[in-house]
Amino acid sequence: MFVGHYSVAFAAKSDRNKIPLWVLFIAVQFLDYIWATLVLLGIEKLRVIKGFTAGSMLDSYFHPYSHSLIAAIAWSCVAGLAYKIFCSRRRFLYRKYGAFMVGAVVFSHWILDLIAHPRDLAIYDNTWKVGFGLWNYRDPEFALEIGLLGVGIKCDAGNS
Ligand SMILES: [Zn+2]
């Protein structure tokens with residue numbers, strides 16, 4: 001999933017939780033930032049295969065530390081906690097459940113990736129791989145991404 005992740009950021013932004021949109025933008029892509037960093041460090045592995053799926057040429061065949069289910073849950077907790085600490089250090093307005101919300105938004109990345117990715121998302125470590133493979137169907141995948149983004153922006157407009 002690419003732009004579809006941002007729909008969650010728009011949908012999660014509300015007057016009640018006061019979480020800035022830029023924090024939510026980082027949160028929805030947090031797992032991919034970790035992934036990109038680990039790929040650059042040579043810890044997680046990626047190869048480019050022409051026609052790997054209809055929607056993407058990237059075969060991220062080893063990414064247990066950023067994209068396994070267990071890792072996604074752990075990073076979501078870390079991000080939620082980091083947000084809470086950040087708010088208290090910067091004297092940012094912190095609302096109840098803000099940390100939980102940020103954590104949930106980070107985790108939403110894994111759920112959306114589960115829909116889009118081919119079977120390359122491990123449950124833990126590098127085993128039990130899952131993925132519904134919507135990337136194999138270019139048009140429906142593209143439609144879903146744009147549709148999600150539209151719904152997310154509409155939710156944001158409704159919230160503020
Ligand atoms: Zn991802």
# chains A, B, ... in the order shown; residues from 1 in each chain; ligands from 1
>>> residues_around(residues="Tyr137 of chain A", least_positions_apart="3", cutoff="12 Å", atoms="only C-alpha atoms", output="number ranges by chain")
A: 51-56, 115-118, 132-134, 140-144
>>> closest_atom_pairs(of="chain A", to="ligand 1", cutoff="8 Å", atoms="only C-alpha atoms and all ligand atoms", output="CSV")
residue,atom,partner,partner_atom_place_in_ligand_line,distance
A:Met1,CA,ligand 1,1 (Zn),6.9
A:Gln29,CA,ligand 1,1 (Zn),7.2
A:Leu31,CA,ligand 1,1 (Zn),5.9
A:Asp32,CA,ligand 1,1 (Zn),4.8
A:Trp35,CA,ligand 1,1 (Zn),7.5
A:His67,CA,ligand 1,1 (Zn),6.6
A:His109,CA,ligand 1,1 (Zn),6.3
A:Trp110,CA,ligand 1,1 (Zn),6.6
A:Asp113,CA,ligand 1,1 (Zn),5.7
>>> select_by_dssp(residues="chain A", states="helix (DSSP H, G or I)", output="ChimeraX atom specification")
/A:5-12,21-40,64-67,69-90,98-116,134-136,138-159
>>> closest_residue(among="A:Ile153, A:Met57, A:Ala79, A:Ile111", to="Asn136 of chain A", atoms="only C-alpha atoms")
A:Met57
>>> residues_around(residues="segment 9-11 of chain A", least_positions_apart="6", cutoff="12 Å", atoms="only C-alpha atoms", output="ChimeraX atom specification")
/A:3,17,19-30,101-109,148-160
>>> write_last_selection(atoms="C-alpha atoms", output="compact mmCIF listing (two decimals), in the first residue's frame")
# COMPACT_ATOMS: atom_id res chain seq x y z
CA VAL A 3 -0.92 6.62 -0.51
CA ASN A 17 -7.43 14.00 20.45
CA ILE A 19 -2.85 14.98 17.57
CA PRO A 20 -1.13 17.11 14.91
CA LEU A 21 -1.51 15.86 11.34
CA TRP A 22 2.27 15.73 10.85
CA VAL A 23 2.54 13.29 13.78
CA LEU A 24 -0.14 11.13 12.17
CA PHE A 25 1.64 11.31 8.79
CA ILE A 26 4.80 9.98 10.43
CA ALA A 27 2.77 7.36 12.32
CA VAL A 28 1.10 5.87 9.22
CA GLN A 29 4.47 5.40 7.53
CA PHE A 30 6.49 4.66 10.67
CA MET A 101 -4.37 6.51 19.09
CA VAL A 102 -0.84 7.06 17.72
CA GLY A 103 -0.04 3.39 18.39
CA ALA A 104 -3.21 2.28 16.61
CA VAL A 105 -2.40 4.50 13.63
CA VAL A 106 1.10 2.99 13.41
CA PHE A 107 -0.45 -0.48 13.51
CA SER A 108 -2.95 0.39 10.77
CA HIS A 109 0.02 0.32 8.38
CA LEU A 148 -9.36 5.16 1.09
CA LEU A 149 -7.65 8.51 0.71
CA GLY A 150 -10.94 10.12 -0.31
CA VAL A 151 -12.78 8.63 2.66
CA GLY A 152 -9.96 9.65 5.02
CA ILE A 153 -9.95 13.26 3.84
CA LYS A 154 -13.74 13.36 4.10
CA CYS A 155 -13.53 12.07 7.70
CA ASP A 156 -10.98 14.79 8.47
CA ALA A 157 -13.26 17.45 7.00
CA GLY A 158 -16.08 16.08 9.15
CA ASN A 159 -13.92 16.16 12.30
CA SER A 160 -12.77 19.72 12.13
>>> atom_distance(atom1="atom CA of Tyr94 of chain A", atom2="atom CA of Ile34 of chain A")
25.2 Å
>>> residues_around(residues="Val39 of chain A", least_positions_apart="6", cutoff="10 Å", atoms="only C-alpha atoms", output="ChimeraX atom specification")
/A:33,45-46,60,62-63,66
>>> write_last_selection(atoms="N, CA and C atoms", output="PDB file, in the first residue's frame")
ATOM      1  N   TYR A  33       9.455   3.679   7.453  1.00  0.00           N
ATOM      2  CA  TYR A  33      10.703   4.411   7.757  1.00  0.00           C
ATOM      3  C   TYR A  33      11.713   3.456   8.387  1.00  0.00           C
ATOM      4  N   LYS A  45      16.100  -7.167   3.720  1.00  0.00           N
ATOM      5  CA  LYS A  45      16.491  -7.399   2.323  1.00  0.00           C
ATOM      6  C   LYS A  45      15.375  -7.081   1.335  1.00  0.00           C
ATOM      7  N   LEU A  46      15.804  -6.523   0.226  1.00  0.00           N
ATOM      8  CA  LEU A  46      14.879  -6.084  -0.805  1.00  0.00           C
ATOM      9  C   LEU A  46      15.496  -6.370  -2.156  1.00  0.00           C
ATOM     10  N   SER A  60      10.230  -7.334  -1.158  1.00  0.00           N
ATOM     11  CA  SER A  60      10.854  -7.176   0.150  1.00  0.00           C
ATOM     12  C   SER A  60      10.756  -8.535   0.834  1.00  0.00           C
ATOM     13  N   PHE A  62      12.764 -10.119   3.015  1.00  0.00           N
ATOM     14  CA  PHE A  62      13.187 -10.332   4.408  1.00  0.00           C
ATOM     15  C   PHE A  62      13.027  -9.034   5.188  1.00  0.00           C
ATOM     16  N   HIS A  63      11.939  -8.934   5.942  1.00  0.00           N
ATOM     17  CA  HIS A  63      11.713  -7.707   6.730  1.00  0.00           C
ATOM     18  C   HIS A  63      11.019  -8.027   8.054  1.00  0.00           C
ATOM     19  N   SER A  66      10.697  -4.948  10.768  1.00  0.00           N
ATOM     20  CA  SER A  66       9.804  -3.818  10.526  1.00  0.00           C
ATOM     21  C   SER A  66       8.391  -4.268  10.189  1.00  0.00           C
TER      22      SER A  66
END
>>> select_by_dssp(residues="segment 8-126 of chain A", states="strand (DSSP E)", output="list in words")
Lys45, Leu46, Arg47, Val48, Leu58, Asp59, Ser60, Tyr61, Phe62, Leu121, Ala122, Ile123 and Tyr124 of chain A
>>> write_last_selection(atoms="N, CA and C atoms", output="PDB file, in the first residue's frame")
ATOM      1  N   LYS A  45      16.100  -7.167   3.720  1.00  0.00           N
ATOM      2  CA  LYS A  45      16.491  -7.399   2.323  1.00  0.00           C
ATOM      3  C   LYS A  45      15.375  -7.081   1.335  1.00  0.00           C
ATOM      4  N   LEU A  46      15.804  -6.523   0.226  1.00  0.00           N
ATOM      5  CA  LEU A  46      14.879  -6.084  -0.805  1.00  0.00           C
ATOM      6  C   LEU A  46      15.496  -6.370  -2.156  1.00  0.00           C
ATOM      7  N   ARG A  47      14.687  -6.811  -3.115  1.00  0.00           N
ATOM      8  CA  ARG A  47      15.204  -6.922  -4.481  1.00  0.00           C
ATOM      9  C   ARG A  47      14.132  -6.411  -5.433  1.00  0.00           C
ATOM     10  N   VAL A  48      14.581  -5.953  -6.578  1.00  0.00           N
ATOM     11  CA  VAL A  48      13.659  -5.429  -7.579  1.00  0.00           C
ATOM     12  C   VAL A  48      13.474  -6.499  -8.647  1.00  0.00           C
ATOM     13  N   LEU A  58       8.898  -4.193  -6.151  1.00  0.00           N
ATOM     14  CA  LEU A  58       9.737  -4.429  -4.985  1.00  0.00           C
ATOM     15  C   LEU A  58       9.393  -5.750  -4.312  1.00  0.00           C
ATOM     16  N   ASP A  59      10.356  -6.616  -4.249  1.00  0.00           N
ATOM     17  CA  ASP A  59      10.183  -7.853  -3.498  1.00  0.00           C
ATOM     18  C   ASP A  59      10.959  -7.718  -2.197  1.00  0.00           C
ATOM     19  N   SER A  60      10.230  -7.334  -1.158  1.00  0.00           N
ATOM     20  CA  SER A  60      10.854  -7.176   0.150  1.00  0.00           C
ATOM     21  C   SER A  60      10.756  -8.535   0.834  1.00  0.00           C
ATOM     22  N   TYR A  61      11.748  -9.381   0.573  1.00  0.00           N
ATOM     23  CA  TYR A  61      11.611 -10.785   0.972  1.00  0.00           C
ATOM     24  C   TYR A  61      12.091 -11.081   2.390  1.00  0.00           C
ATOM     25  N   PHE A  62      12.764 -10.119   3.015  1.00  0.00           N
ATOM     26  CA  PHE A  62      13.187 -10.332   4.408  1.00  0.00           C
ATOM     27  C   PHE A  62      13.027  -9.034   5.188  1.00  0.00           C
ATOM     28  N   LEU A 121       4.414 -10.978   4.555  1.00  0.00           N
ATOM     29  CA  LEU A 121       4.382 -10.415   5.905  1.00  0.00           C
ATOM     30  C   LEU A 121       4.375 -11.563   6.913  1.00  0.00           C
ATOM     31  N   ALA A 122       5.450 -11.639   7.684  1.00  0.00           N
ATOM     32  CA  ALA A 122       5.553 -12.726   8.660  1.00  0.00           C
ATOM     33  C   ALA A 122       4.709 -12.425   9.890  1.00  0.00           C
ATOM     34  N   ILE A 123       4.247 -13.473  10.549  1.00  0.00           N
ATOM     35  CA  ILE A 123       3.567 -13.270  11.828  1.00  0.00           C
ATOM     36  C   ILE A 123       4.628 -12.935  12.882  1.00  0.00           C
ATOM     37  N   TYR A 124       5.688 -13.720  12.940  1.00  0.00           N
ATOM     38  CA  TYR A 124       6.819 -13.354  13.788  1.00  0.00           C
ATOM     39  C   TYR A 124       8.090 -13.830  13.106  1.00  0.00           C
TER      40      TYR A 124
END
>>> closest_residue(among="A:Ala71, A:Ile49, A:Leu114, A:Ala82", to="Val130 of chain A", atoms="only C-alpha atoms")
A:Leu114
